[in-house]
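What follows is the content of entry-v7.csv (CSV, C-alpha atoms).
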chain,number,residue,atom,x,y,z
A,1,MET,CA,93.2,-45.9,30.6
A,2,ARG,CA,90.5,-47.0,28.2
A,3,VAL,CA,87.9,-45.6,30.6
A,4,SER,CA,89.1,-42.0,30.7
A,5,PHE,CA,89.3,-41.7,26.9
A,6,GLN,CA,86.1,-43.4,26.2
A,7,ASP,CA,84.6,-40.1,25.0
A,8,ALA,CA,87.6,-39.1,22.8
A,9,LYS,CA,85.5,-39.3,19.7
A,10,HIS,CA,83.2,-36.7,21.0
A,11,LEU,CA,86.1,-34.5,22.0
A,12,ILE,CA,87.5,-34.7,18.5
A,13,SER,CA,84.3,-33.7,16.9
A,14,LEU,CA,84.0,-30.9,19.5
A,15,VAL,CA,87.5,-29.6,18.5
A,16,GLY,CA,86.4,-29.8,14.9
A,17,LEU,CA,83.2,-27.8,15.6
A,18,PHE,CA,85.2,-25.2,17.5
A,19,ALA,CA,87.7,-24.8,14.7
A,20,ALA,CA,85.0,-24.5,12.1
A,21,ALA,CA,83.2,-21.9,14.2
A,22,VAL,CA,86.4,-19.9,14.5
A,23,GLY,CA,86.8,-20.1,10.7
A,24,VAL,CA,83.3,-18.9,10.1
A,25,PHE,CA,83.8,-16.1,12.5
A,26,VAL,CA,87.0,-14.9,10.8
A,27,ILE,CA,85.4,-15.1,7.4
A,28,LEU,CA,82.3,-13.3,8.5
A,29,ARG,CA,84.3,-10.6,10.2
A,30,ALA,CA,86.5,-10.1,7.2
A,31,ALA,CA,83.3,-9.7,5.1
A,32,VAL,CA,81.6,-7.3,7.5
A,33,VAL,CA,84.5,-5.1,8.8
A,34,PRO,CA,85.6,-2.5,6.3
A,35,ALA,CA,89.2,-2.3,5.0
A,36,GLY,CA,91.6,-0.4,7.2
A,37,PHE,CA,89.4,-0.7,10.3
A,38,GLY,CA,91.5,-0.8,13.4
A,39,LYS,CA,94.7,0.4,11.7
A,40,TYR,CA,95.0,3.4,14.0
A,41,GLY,CA,92.1,2.7,16.4
A,42,HIS,CA,88.5,1.6,16.5
A,43,TYR,CA,87.7,3.2,13.2
A,44,ARG,CA,88.2,3.0,9.5
A,45,ALA,CA,91.6,4.4,8.6
A,46,GLY,CA,90.3,5.6,5.2
A,47,ALA,CA,88.0,8.0,7.0
A,48,ILE,CA,91.0,10.2,7.6
A,49,ASP,CA,91.6,10.5,3.9
A,50,ASP,CA,87.9,11.1,3.3
A,51,ASN,CA,88.1,14.1,5.6
A,52,ARG,CA,91.1,15.4,3.7
A,53,ALA,CA,89.5,15.0,0.3
A,54,ARG,CA,87.4,18.2,0.3
A,55,ALA,CA,88.5,21.0,-2.0
A,56,VAL,CA,89.9,24.2,-0.4
A,57,LYS,CA,87.8,27.3,-1.0
A,58,PHE,CA,89.7,30.0,0.9
A,59,ALA,CA,93.1,30.1,-0.8
A,60,GLY,CA,94.7,31.7,2.2
A,61,GLN,CA,96.5,35.0,2.8
A,62,GLY,CA,99.8,33.5,1.5
A,63,GLU,CA,98.4,33.3,-2.1
A,64,CYS,CA,97.1,36.8,-2.6
A,65,VAL,CA,100.6,38.3,-1.9
A,66,TYR,CA,102.0,36.9,-5.2
A,67,CYS,CA,99.8,39.1,-7.4
A,68,HIS,CA,98.4,41.9,-5.3
A,69,ASP,CA,101.3,43.7,-3.8
A,70,ALA,CA,99.7,47.1,-4.3
A,71,GLN,CA,96.6,46.3,-2.1
A,72,LEU,CA,98.8,44.5,0.3
A,73,GLN,CA,101.0,47.5,0.9
A,74,VAL,CA,98.0,49.8,1.4
A,75,ARG,CA,96.4,47.3,3.9
A,76,ASP,CA,99.6,46.8,5.9
A,77,SER,CA,100.1,50.5,6.3
A,78,GLY,CA,96.8,50.9,8.2
A,79,ARG,CA,94.8,49.4,11.0
A,80,HIS,CA,93.2,46.8,8.7
A,81,LYS,CA,96.5,45.0,8.6
A,82,THR,CA,95.3,42.2,10.7
A,83,ILE,CA,92.4,41.4,8.3
A,84,SER,CA,93.1,38.8,5.7
A,85,CYS,CA,92.1,39.7,2.1
A,86,GLU,CA,89.5,36.9,2.0
A,87,ALA,CA,87.9,38.1,5.2
A,88,CYS,CA,86.4,40.9,3.1
A,89,HIS,CA,86.6,39.4,-0.4
A,90,GLY,CA,85.3,35.9,0.4
A,91,PRO,CA,86.7,32.5,-0.7
A,92,GLN,CA,89.0,33.0,-3.7
A,93,ALA,CA,90.6,29.7,-4.4
A,94,LYS,CA,89.0,29.6,-7.9
A,95,HIS,CA,90.3,33.2,-8.6
A,96,VAL,CA,93.8,32.0,-7.6
A,97,ALA,CA,93.6,28.8,-9.6
A,98,SER,CA,92.5,30.7,-12.7
A,99,ASP,CA,95.4,33.1,-12.4
A,100,GLY,CA,93.0,36.0,-11.7
A,101,LYS,CA,90.7,35.3,-14.7
A,102,GLU,CA,87.8,34.2,-12.5
A,103,LYS,CA,86.9,37.6,-11.1
A,104,PRO,CA,85.9,38.0,-7.4
A,105,ALA,CA,82.5,39.5,-6.8
A,106,LYS,CA,82.5,43.1,-5.6
A,107,PRO,CA,82.0,43.2,-1.9
A,108,ASP,CA,78.7,44.6,-0.6
A,109,VAL,CA,80.4,47.4,1.1
A,110,ILE,CA,77.9,48.8,3.6
A,111,PRO,CA,76.9,45.5,5.3
A,112,LEU,CA,80.5,44.4,5.1
A,113,CYS,CA,81.8,47.4,7.1
A,114,LEU,CA,78.9,47.5,9.4
A,115,ASN,CA,79.1,43.8,10.5
A,116,CYS,CA,82.4,44.8,12.0
A,117,HIS,CA,81.9,48.5,12.9
A,118,GLU,CA,78.3,49.0,13.9
A,119,LYS,CA,78.3,50.1,17.5
A,120,ASP,CA,77.5,47.4,20.0
A,121,ALA,CA,77.9,47.2,23.7
A,122,ALA,CA,79.4,43.8,23.4
A,123,LYS,CA,82.2,44.9,21.1
A,124,PRO,CA,85.6,45.5,22.6
A,125,ALA,CA,86.7,49.0,23.2
A,126,PHE,CA,89.8,48.8,20.8
A,127,LEU,CA,87.4,48.5,17.8
A,128,PRO,CA,86.4,51.9,16.3
A,129,GLN,CA,82.6,51.8,16.1
A,130,VAL,CA,80.0,54.0,14.5
A,131,VAL,CA,76.3,54.3,14.8
A,132,LYS,CA,75.1,53.9,11.2
A,133,ALA,CA,72.3,56.4,11.5
A,134,ASP,CA,74.6,59.1,12.8
A,135,HIS,CA,77.6,58.4,10.7
A,136,TYR,CA,76.6,57.2,7.3
A,137,THR,CA,75.5,60.1,5.1
A,138,GLY,CA,73.9,58.4,2.1
A,139,THR,CA,76.9,57.5,0.0
A,140,THR,CA,78.7,54.2,0.5
A,141,CYS,CA,81.4,53.8,3.1
A,142,SER,CA,84.2,53.5,0.5
A,143,ASP,CA,83.3,56.9,-1.0
A,144,CYS,CA,85.1,58.4,2.0
A,145,HIS,CA,87.1,55.5,3.4
A,146,GLN,CA,89.6,53.5,1.3
A,147,PRO,CA,88.7,50.0,2.5
A,148,HIS,CA,92.2,48.8,2.5
A,149,ASN,CA,93.4,51.6,4.8
A,150,PRO,CA,90.3,53.4,6.1
A,151,LYS,CA,92.0,56.1,8.1
A,152,MET,CA,90.5,59.5,7.3
J,1,MET,CA,79.0,-40.2,35.2
J,2,ARG,CA,78.2,-40.7,31.5
J,3,LYS,CA,76.8,-37.9,29.5
J,4,THR,CA,74.3,-38.3,26.7
J,5,ARG,CA,75.3,-37.0,23.3
J,6,ARG,CA,72.5,-34.4,23.8
J,7,GLU,CA,74.1,-33.1,27.0
J,8,ILE,CA,77.5,-32.9,25.4
J,9,LEU,CA,76.2,-31.0,22.4
J,10,LEU,CA,74.4,-28.5,24.7
J,11,SER,CA,77.5,-27.7,26.7
J,12,ALA,CA,79.5,-27.6,23.4
J,13,GLY,CA,77.1,-24.9,22.4
J,14,LYS,CA,78.2,-22.8,25.3
J,15,TYR,CA,81.8,-23.3,24.4
J,16,ILE,CA,81.1,-22.2,20.9
J,17,LEU,CA,80.6,-18.7,22.4
J,18,LEU,CA,84.3,-18.7,23.2
J,19,THR,CA,85.2,-18.9,19.5
J,20,GLY,CA,84.7,-15.1,19.2
J,21,THR,CA,87.4,-14.6,21.8
J,22,ALA,CA,89.6,-17.2,20.2
J,23,ALA,CA,89.2,-15.7,16.8
J,24,ALA,CA,89.8,-12.2,18.0
J,25,GLY,CA,93.0,-13.4,19.7
J,26,LEU,CA,94.0,-15.2,16.5
J,27,GLU,CA,93.4,-12.0,14.5
J,28,SER,CA,95.4,-9.8,16.8
J,29,LEU,CA,98.3,-12.3,16.4
J,30,THR,CA,98.1,-12.5,12.6
J,31,GLY,CA,96.4,-9.1,11.9
J,32,THR,CA,98.0,-5.8,10.7
J,33,ALA,CA,101.1,-4.8,12.6
J,34,SER,CA,100.6,-1.7,14.9
J,35,ALA,CA,99.8,1.3,12.8
J,36,ASP,CA,102.6,3.7,11.9
J,37,THR,CA,101.5,7.3,12.2
J,38,THR,CA,105.0,8.6,11.6
J,39,THR,CA,105.1,7.7,7.9
J,40,PRO,CA,104.2,10.7,5.9
J,41,ALA,CA,101.2,10.6,3.6
J,42,SER,CA,102.0,11.0,-0.1
J,43,ASP,CA,102.1,14.8,0.3
J,44,GLY,CA,104.5,14.7,3.3
J,45,TYR,CA,101.9,15.3,6.1
J,46,LYS,CA,102.8,13.3,9.2
J,47,MET,CA,100.0,12.8,11.7
J,48,ALA,CA,102.4,11.9,14.5
J,49,ASP,CA,104.0,15.4,14.3
J,50,HIS,CA,100.8,17.3,15.1
J,51,TRP,CA,98.3,17.8,17.9
J,52,TRP,CA,95.8,20.4,16.9
J,53,GLY,CA,93.8,22.8,19.0
J,54,MET,CA,92.7,26.4,19.0
J,55,THR,CA,93.1,29.5,21.2
J,56,MET,CA,90.3,32.0,21.7
J,57,GLU,CA,91.1,35.5,22.8
J,58,VAL,CA,87.6,36.5,23.9
J,59,ASP,CA,88.4,40.2,24.4
J,60,LYS,CA,89.4,40.4,20.7
J,61,CYS,CA,86.1,38.9,19.3
J,62,ILE,CA,84.0,41.7,17.7
J,63,GLY,CA,81.1,39.4,16.8
J,64,CYS,CA,81.3,40.1,13.1
J,65,GLY,CA,80.3,36.6,12.1
J,66,ASN,CA,83.1,36.3,9.6
J,67,CYS,CA,84.1,32.9,11.0
J,68,VAL,CA,80.6,31.5,10.8
J,69,ARG,CA,80.2,32.6,7.2
J,70,ALA,CA,83.6,31.4,6.2
J,71,CYS,CA,83.0,28.0,7.8
J,72,SER,CA,79.7,27.6,6.1
J,73,LYS,CA,81.1,28.4,2.7
J,74,GLU,CA,84.3,26.3,3.1
J,75,ASN,CA,82.4,23.2,4.3
J,76,ASP,CA,79.0,23.6,2.6
J,77,VAL,CA,77.3,23.6,6.0
J,78,PRO,CA,73.6,23.3,5.4
J,79,GLU,CA,71.5,26.4,6.0
J,80,GLY,CA,70.3,26.8,9.6
J,81,PHE,CA,73.1,24.6,11.0
J,82,TYR,CA,76.5,25.7,12.3
J,83,ARG,CA,79.8,24.0,12.9
J,84,THR,CA,81.0,27.1,14.6
J,85,TRP,CA,78.9,29.9,16.0
J,86,ILE,CA,79.1,33.1,18.1
J,87,GLU,CA,77.1,33.7,21.2
J,88,ARG,CA,76.5,37.2,22.7
J,89,TYR,CA,76.3,37.2,26.5
J,90,HIS,CA,74.7,39.8,28.7
J,91,VAL,CA,75.4,39.4,32.4
J,92,LYS,CA,73.6,41.5,35.0
J,93,GLU,CA,76.0,42.8,37.6
J,94,GLY,CA,77.2,39.9,39.7
J,95,ASP,CA,74.5,37.5,38.4
J,96,MET,CA,76.7,34.9,36.9
J,97,GLU,CA,74.1,32.2,37.0
J,98,HIS,CA,71.7,33.8,34.7
J,99,PRO,CA,73.3,35.3,31.7
J,100,THR,CA,71.2,36.2,28.7
J,101,VAL,CA,72.6,34.4,25.7
J,102,GLU,CA,71.6,35.1,22.1
J,103,SER,CA,72.9,33.7,18.8
J,104,PRO,CA,70.7,34.8,15.9
J,105,ASP,CA,71.5,32.5,13.0
J,106,GLY,CA,74.6,31.5,14.9
J,107,GLY,CA,75.9,35.0,14.5
J,108,MET,CA,76.2,34.4,10.8
J,109,HIS,CA,75.0,37.9,9.9
J,110,GLY,CA,76.4,39.7,12.9
J,111,PHE,CA,74.2,40.8,15.7
J,112,PRO,CA,71.5,43.4,16.0
J,113,PRO,CA,73.0,46.3,17.9
J,114,THR,CA,72.3,46.5,21.6
J,115,SER,CA,71.8,50.1,22.7
J,116,THR,CA,71.8,50.1,26.5
J,117,PRO,CA,75.1,49.0,27.8
J,118,VAL,CA,73.8,48.4,31.3
J,119,ASP,CA,74.9,44.8,31.5
J,120,LYS,CA,78.3,43.4,31.0
J,121,SER,CA,78.3,42.0,27.5
J,122,PHE,CA,80.7,40.2,25.2
J,123,PHE,CA,81.0,37.6,22.4
J,124,ILE,CA,81.9,34.0,22.8
J,125,PRO,CA,82.9,32.1,19.6
J,126,LYS,CA,82.3,28.3,19.9
J,127,LEU,CA,83.1,25.2,17.9
J,128,CYS,CA,83.9,21.6,18.6
J,129,ASN,CA,86.5,21.5,21.3
J,130,HIS,CA,88.3,18.6,19.8
J,131,CYS,CA,88.5,16.9,23.2
J,132,ALA,CA,91.2,14.3,23.6
J,133,ASP,CA,88.9,12.3,25.9
J,134,SER,CA,85.8,12.9,24.1
J,135,PRO,CA,82.5,11.4,25.2
J,136,CYS,CA,81.1,11.7,21.7
J,137,THR,CA,83.6,9.3,20.3
J,138,GLN,CA,83.1,6.9,23.1
J,139,VAL,CA,79.4,6.3,22.6
J,140,CYS,CA,79.6,5.6,18.8
J,141,PRO,CA,78.4,2.0,18.4
J,142,VAL,CA,80.2,1.5,15.1
J,143,GLY,CA,83.4,3.5,15.3
J,144,ALA,CA,82.2,6.2,12.9
J,145,THR,CA,83.6,9.0,14.9
J,146,PHE,CA,87.0,9.1,16.5
J,147,VAL,CA,90.0,11.2,17.6
J,148,SER,CA,92.5,11.1,14.8
J,149,PRO,CA,96.2,10.5,15.7
J,150,ASP,CA,96.8,14.2,15.3
J,151,GLY,CA,94.0,15.1,17.7
J,152,VAL,CA,91.1,16.1,15.6
J,153,VAL,CA,87.6,14.6,16.2
J,154,LEU,CA,86.5,13.4,12.8
J,155,VAL,CA,83.4,11.7,11.5
J,156,ASP,CA,83.4,8.8,9.0
J,157,GLN,CA,80.2,9.9,7.1
J,158,SER,CA,80.3,6.8,4.9
J,159,TYR,CA,80.1,4.6,8.0
J,160,CYS,CA,77.8,6.7,10.3
J,161,LEU,CA,74.4,5.2,11.0
J,162,GLY,CA,72.8,8.4,12.0
J,163,CYS,CA,71.9,7.0,15.4
J,164,ARG,CA,72.4,10.4,17.2
J,165,TYR,CA,74.1,9.0,20.3
J,166,CYS,CA,77.1,11.3,19.8
J,167,VAL,CA,74.8,14.3,19.3
J,168,GLN,CA,73.5,13.7,22.8
J,169,ALA,CA,76.9,12.8,24.3
J,170,CYS,CA,78.6,16.1,23.2
J,171,PRO,CA,78.5,18.4,26.3
J,172,TYR,CA,79.0,21.4,24.0
J,173,GLY,CA,76.2,20.9,21.5
J,174,CYS,CA,78.7,20.8,18.6
J,175,ARG,CA,77.1,18.0,16.6
J,176,PHE,CA,74.0,17.9,14.4
J,177,ILE,CA,72.4,15.6,11.9
J,178,HIS,CA,72.8,16.7,8.3
J,179,PRO,CA,69.3,17.3,7.1
J,180,THR,CA,69.7,15.5,3.7
J,181,LYS,CA,72.5,13.1,4.2
J,182,ASN,CA,71.1,11.9,7.6
J,183,VAL,CA,74.5,11.4,9.0
J,184,VAL,CA,76.2,13.3,11.7
J,185,GLU,CA,78.0,16.6,10.9
J,186,LYS,CA,80.4,18.6,13.0
J,187,CYS,CA,83.5,20.8,12.8
J,188,ASN,CA,86.5,18.8,11.6
J,189,LEU,CA,88.8,21.7,12.2
J,190,CYS,CA,89.0,22.1,8.4
J,191,TYR,CA,91.0,18.9,8.3
J,192,HIS,CA,91.4,19.3,4.5
J,193,ARG,CA,93.1,22.6,5.1
J,194,ILE,CA,95.3,22.1,8.2
J,195,THR,CA,96.8,19.0,6.7
J,196,LYS,CA,97.9,21.1,3.8
J,197,GLY,CA,99.6,23.8,5.9
J,198,LEU,CA,96.7,26.2,5.7
J,199,THR,CA,94.8,27.5,8.7
J,200,THR,CA,91.1,26.8,9.2
J,201,ALA,CA,88.5,28.9,7.2
J,202,CYS,CA,87.3,30.5,10.5
J,203,CYS,CA,90.8,31.6,11.5
J,204,GLU,CA,91.6,32.8,8.0
J,205,ALA,CA,88.5,35.0,8.1
J,206,CYS,CA,88.9,36.3,11.7
J,207,PRO,CA,89.8,40.0,11.5
J,208,THR,CA,91.4,40.4,14.9
J,209,GLY,CA,93.2,37.1,15.5
J,210,ALA,CA,90.6,36.3,18.3
J,211,ARG,CA,90.7,32.7,17.2
J,212,LYS,CA,93.9,30.9,16.2
J,213,LEU,CA,94.6,27.4,15.1
J,214,VAL,CA,97.4,26.0,17.2
J,215,ASP,CA,99.6,22.9,16.9
J,216,LEU,CA,100.5,21.8,20.4
J,217,LYS,CA,103.2,19.4,19.2
J,218,ASN,CA,105.0,22.1,17.2
J,219,PRO,CA,107.7,23.5,19.6
J,220,LYS,CA,107.8,26.7,17.5
J,221,ASP,CA,104.1,27.4,17.8
J,222,PRO,CA,103.3,30.6,19.7
J,223,VAL,CA,100.7,28.6,21.6
J,224,HIS,CA,103.3,27.5,24.1
J,225,ASP,CA,104.0,31.1,25.1
J,226,PHE,CA,100.3,31.8,25.1
J,227,LEU,CA,99.6,28.9,27.5
J,228,ARG,CA,102.5,29.8,29.8
J,229,HIS,CA,101.7,33.5,30.1
J,230,TYR,CA,97.9,33.9,30.1
J,231,LYS,CA,95.3,32.6,32.4
J,232,VAL,CA,93.2,30.3,30.2
J,233,GLN,CA,90.2,28.1,30.6
J,234,VAL,CA,88.4,25.5,28.6
J,235,LEU,CA,84.7,25.3,28.5
J,236,LYS,CA,83.0,23.0,31.0
J,237,PRO,CA,86.3,21.8,32.6
J,238,HIS,CA,84.3,19.7,35.1
J,239,MET,CA,83.3,17.4,32.2
J,240,ALA,CA,87.0,16.4,32.1
J,241,THR,CA,86.9,16.0,28.3
J,242,HIS,CA,90.4,17.2,27.9
J,243,ALA,CA,89.2,20.0,25.6
J,244,LYS,CA,91.8,21.6,23.3
J,245,VAL,CA,90.1,25.0,22.7
J,246,PHE,CA,91.7,27.4,25.2
J,247,TYR,CA,89.8,30.6,26.1
J,248,LYS,CA,91.6,33.6,27.4
J,249,ASP,CA,89.6,36.1,29.5
J,250,LEU,CA,86.7,33.8,29.8
J,251,ASP,CA,83.9,35.0,32.0
J,252,GLY,CA,82.6,32.7,34.7
J,253,SER,CA,79.0,33.0,33.3
J,254,VAL,CA,79.9,31.2,30.1
J,255,ARG,CA,78.5,27.7,29.9

Show me the file's structure as structure tokens.
Amino acid sequence: MRVSFQDAKHLISLVGLFAAAVGVFVILRAAVVPAGFGKYGHYRAGAIDDNRARAVKFAGQGECVYCHDAQLQVRDSGRHKTISCEACHGPQAKHVASDGKEKPAKPDVIPLCLNCHEKDAAKPAFLPQVVKADHYTGTTCSDCHQPHNPKM
Amino acid sequence: MRKTRREILLSAGKYILLTGTAAAGLESLTGTASADTTTPASDGYKMADHWWGMTMEVDKCIGCGNCVRACSKENDVPEGFYRTWIERYHVKEGDMEHPTVESPDGGMHGFPPTSTPVDKSFFIPKLCNHCADSPCTQVCPVGATFVSPDGVVLVDQSYCLGCRYCVQACPYGCRFIHPTKNVVEKCNLCYHRITKGLTTACCEACPTGARKLVDLKNPKDPVHDFLRHYKVQVLKPHMATHAKVFYKDLDGSVR
């Protein structure tokens, strides 16, 4: 009996050493690993909220309808009905948040229309296209076409 | 056999290596209970109820660049870099292996007109495919990029080292290093918008509905009809990344 336990003292100090090392590991890990890490997976849970934190710049089609029924009706009666207001007017969250006081910049009409309508072989056939040099007669597109419903 | 104290300490040193395992086991027993993605955030958004993706109707894309401009404004994308971009393909008759692909400024300002329609040509909008089994998230050494519980590949910019592993791992070239922040940037599917019930900036600005944000977990989303009725394809299906951007009418020459 005595013989097999003759190194018991060493074993006890080993166990102590082991426990201390576990303790150090746990403390170090707590200090190094950021809060929320591993909550959903191998990443910081707070990163999800960080990604949500950005401010919205495009208010969304749903906002414009509250105040701009006139333009909406015109647009929806023509072939531009699939185009959201901000596709042509740019991001307007500030305009909406200020109840219309912060005025949107006027669209730069010719490049705006031509980005979509300049003739190109890669463009699909359903899209009406014009060759700028042949079609445009010196005035701006909106002199002849009402941008919200451009049918002539 | 008697061991010297020195020998015992040396072998003890080896066992010390096990403490990591022991501590990790301890932590998994005592640590945070399994995360609950069904509890809504303070504003009612429940991650468990969504699985985001996108559909692309290639034949509707007119290459106007509205999506690229909108994305860059919404997300302050640095100049010269693109989270989404448009490519214009020209394919010589039958020569699927050698398409000519151009994307001047990512298609941000539209495309210079091509006059001679001898080749087959079309536009392909691209962005992060928000792969469910994404190689980019697997290579991150620190867990700074990951697939969120609602299926969006996000970056933790406060934790990213800027090591560029993920930039190389992405088969679609969707990642870049932010020139001033020196951390990785990519499309996060306008996570700040879609979690508020808005669509992404690119989809908001698309004039023809060529690109649409879809929620594959929402039974009422038209995407289910879309996927049932149309022949669709993801980019580089052989990479088996489980991409969630579905292209309709995709030509075989698109890489």

task = Kindly determine which residues of chain J lie within 7 Å of chain A, considering all atoms listed in the file, and give the answer as an NGL selection string.
result = :J and (12 or 16 or 19-20 or 23 or 35 or 59-60 or 62 or 64 or 66 or 74 or 110 or 113-115 or 117 or 121-123 or 143-144 or 146 or 156 or 191-193 or 198 or 201 or 204-208)

For the selection just defined, write its residues with C-alpha atoms to a file, as a compact mmCIF listing (two decimals), keeping the file's coordinate frame.
# COMPACT_ATOMS: atom_id res chain seq x y z
CA ALA J 12 79.50 -27.60 23.40
CA ILE J 16 81.10 -22.20 20.90
CA THR J 19 85.20 -18.90 19.50
CA GLY J 20 84.70 -15.10 19.20
CA ALA J 23 89.20 -15.70 16.80
CA ALA J 35 99.80 1.30 12.80
CA ASP J 59 88.40 40.20 24.40
CA LYS J 60 89.40 40.40 20.70
CA ILE J 62 84.00 41.70 17.70
CA CYS J 64 81.30 40.10 13.10
CA ASN J 66 83.10 36.30 9.60
CA GLU J 74 84.30 26.30 3.10
CA GLY J 110 76.40 39.70 12.90
CA PRO J 113 73.00 46.30 17.90
CA THR J 114 72.30 46.50 21.60
CA SER J 115 71.80 50.10 22.70
CA PRO J 117 75.10 49.00 27.80
CA SER J 121 78.30 42.00 27.50
CA PHE J 122 80.70 40.20 25.20
CA PHE J 123 81.00 37.60 22.40
CA GLY J 143 83.40 3.50 15.30
CA ALA J 144 82.20 6.20 12.90
CA PHE J 146 87.00 9.10 16.50
CA ASP J 156 83.40 8.80 9.00
CA TYR J 191 91.00 18.90 8.30
CA HIS J 192 91.40 19.30 4.50
CA ARG J 193 93.10 22.60 5.10
CA LEU J 198 96.70 26.20 5.70
CA ALA J 201 88.50 28.90 7.20
CA GLU J 204 91.60 32.80 8.00
CA ALA J 205 88.50 35.00 8.10
CA CYS J 206 88.90 36.30 11.70
CA PRO J 207 89.80 40.00 11.50
CA THR J 208 91.40 40.40 14.90

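Separating atom CA of J:Tyr82 from atom CA of J:Thr100 is a distance of 20.2 Å.
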
Stretch 10-109 of chain J residues near stretch 244-254 of chain J within 8 Å, closest pair each, using all atoms listed in the file, as CSV:
residue,atom,partner,partner_atom,distance
J:Trp52,CA,J:Lys244,CA,7.6
J:Gly53,CA,J:Lys244,CA,4.9
J:Met54,CA,J:Val245,CA,4.7
J:Thr55,CA,J:Phe246,CA,4.7
J:Met56,CA,J:Tyr247,CA,4.6
J:Glu57,CA,J:Lys248,CA,5.0
J:Val58,CA,J:Asp249,CA,6.0
J:Asp59,CA,J:Asp249,CA,6.7
J:Tyr89,CA,J:Val254,CA,7.9
J:Val91,CA,J:Ser253,CA,7.4
J:Met96,CA,J:Ser253,CA,4.7
J:Glu97,CA,J:Ser253,CA,6.2
J:His98,CA,J:Ser253,CA,7.5
J:Pro99,CA,J:Ser253,CA,6.4

12 Å contact set for A:Cys141, all atoms listed in the file, chain neighbours under 6 positions out, as a count of residues only = 17

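Interatomic distance, atom CA of J:Phe226 to atom CA of J:Cys61: 16.9 Å.
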
inquiry  = Which residues are near J:Lys126? Cut-off 8 Å, all atoms listed in the file, ignore same chain within fewer than 3 positions. Put them as a PyMOL selection string.
reply    = chain J and resi 84-87

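One distance worth recording is that between atom CA of J:Gly65 and atom CA of J:Cys202, which is 9.4 Å.
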
Stretch 168-174 of chain J environment, 10 Å, only C-alpha atoms, sequence neighbours closer than 4 positions dropped, as a count of residues only = 26

key: Shell around stretch 46-50 of chain J at 10 Å using only C-alpha atoms, local window under 4 positions removed, as a ChimeraX atom specification   = /J:36-42,148-152,195,214-218

Suppose we keep C-alpha atoms; can you now write the selection as a tab-separated table (two decimals), in the frame of the given file?
chain	number	residue	atom	x	y	z
J	36	ASP	CA	102.60	3.70	11.90
J	37	THR	CA	101.50	7.30	12.20
J	38	THR	CA	105.00	8.60	11.60
J	39	THR	CA	105.10	7.70	7.90
J	40	PRO	CA	104.20	10.70	5.90
J	41	ALA	CA	101.20	10.60	3.60
J	42	SER	CA	102.00	11.00	-0.10
J	148	SER	CA	92.50	11.10	14.80
J	149	PRO	CA	96.20	10.50	15.70
J	150	ASP	CA	96.80	14.20	15.30
J	151	GLY	CA	94.00	15.10	17.70
J	152	VAL	CA	91.10	16.10	15.60
J	195	THR	CA	96.80	19.00	6.70
J	214	VAL	CA	97.40	26.00	17.20
J	215	ASP	CA	99.60	22.90	16.90
J	216	LEU	CA	100.50	21.80	20.40
J	217	LYS	CA	103.20	19.40	19.20
J	218	ASN	CA	105.00	22.10	17.20

Got a sec: who's within 8 Å of J:Cys160, counting all atoms listed in the file, leaving out chain neighbours fewer than 4 positions off, as a short mmCIF file (atom, residue, chain, number, x, y, z; two decimals) with C-alpha atoms, in the frame of the given file?
data_model
loop_
_atom_site.label_atom_id
_atom_site.label_comp_id
_atom_site.auth_asym_id
_atom_site.auth_seq_id
_atom_site.Cartn_x
_atom_site.Cartn_y
_atom_site.Cartn_z
CA VAL J 142 80.20 1.50 15.10
CA ALA J 144 82.20 6.20 12.90
CA THR J 145 83.60 9.00 14.90
CA VAL J 155 83.40 11.70 11.50
CA ASP J 156 83.40 8.80 9.00
CA VAL J 183 74.50 11.40 9.00
CA VAL J 184 76.20 13.30 11.70
#
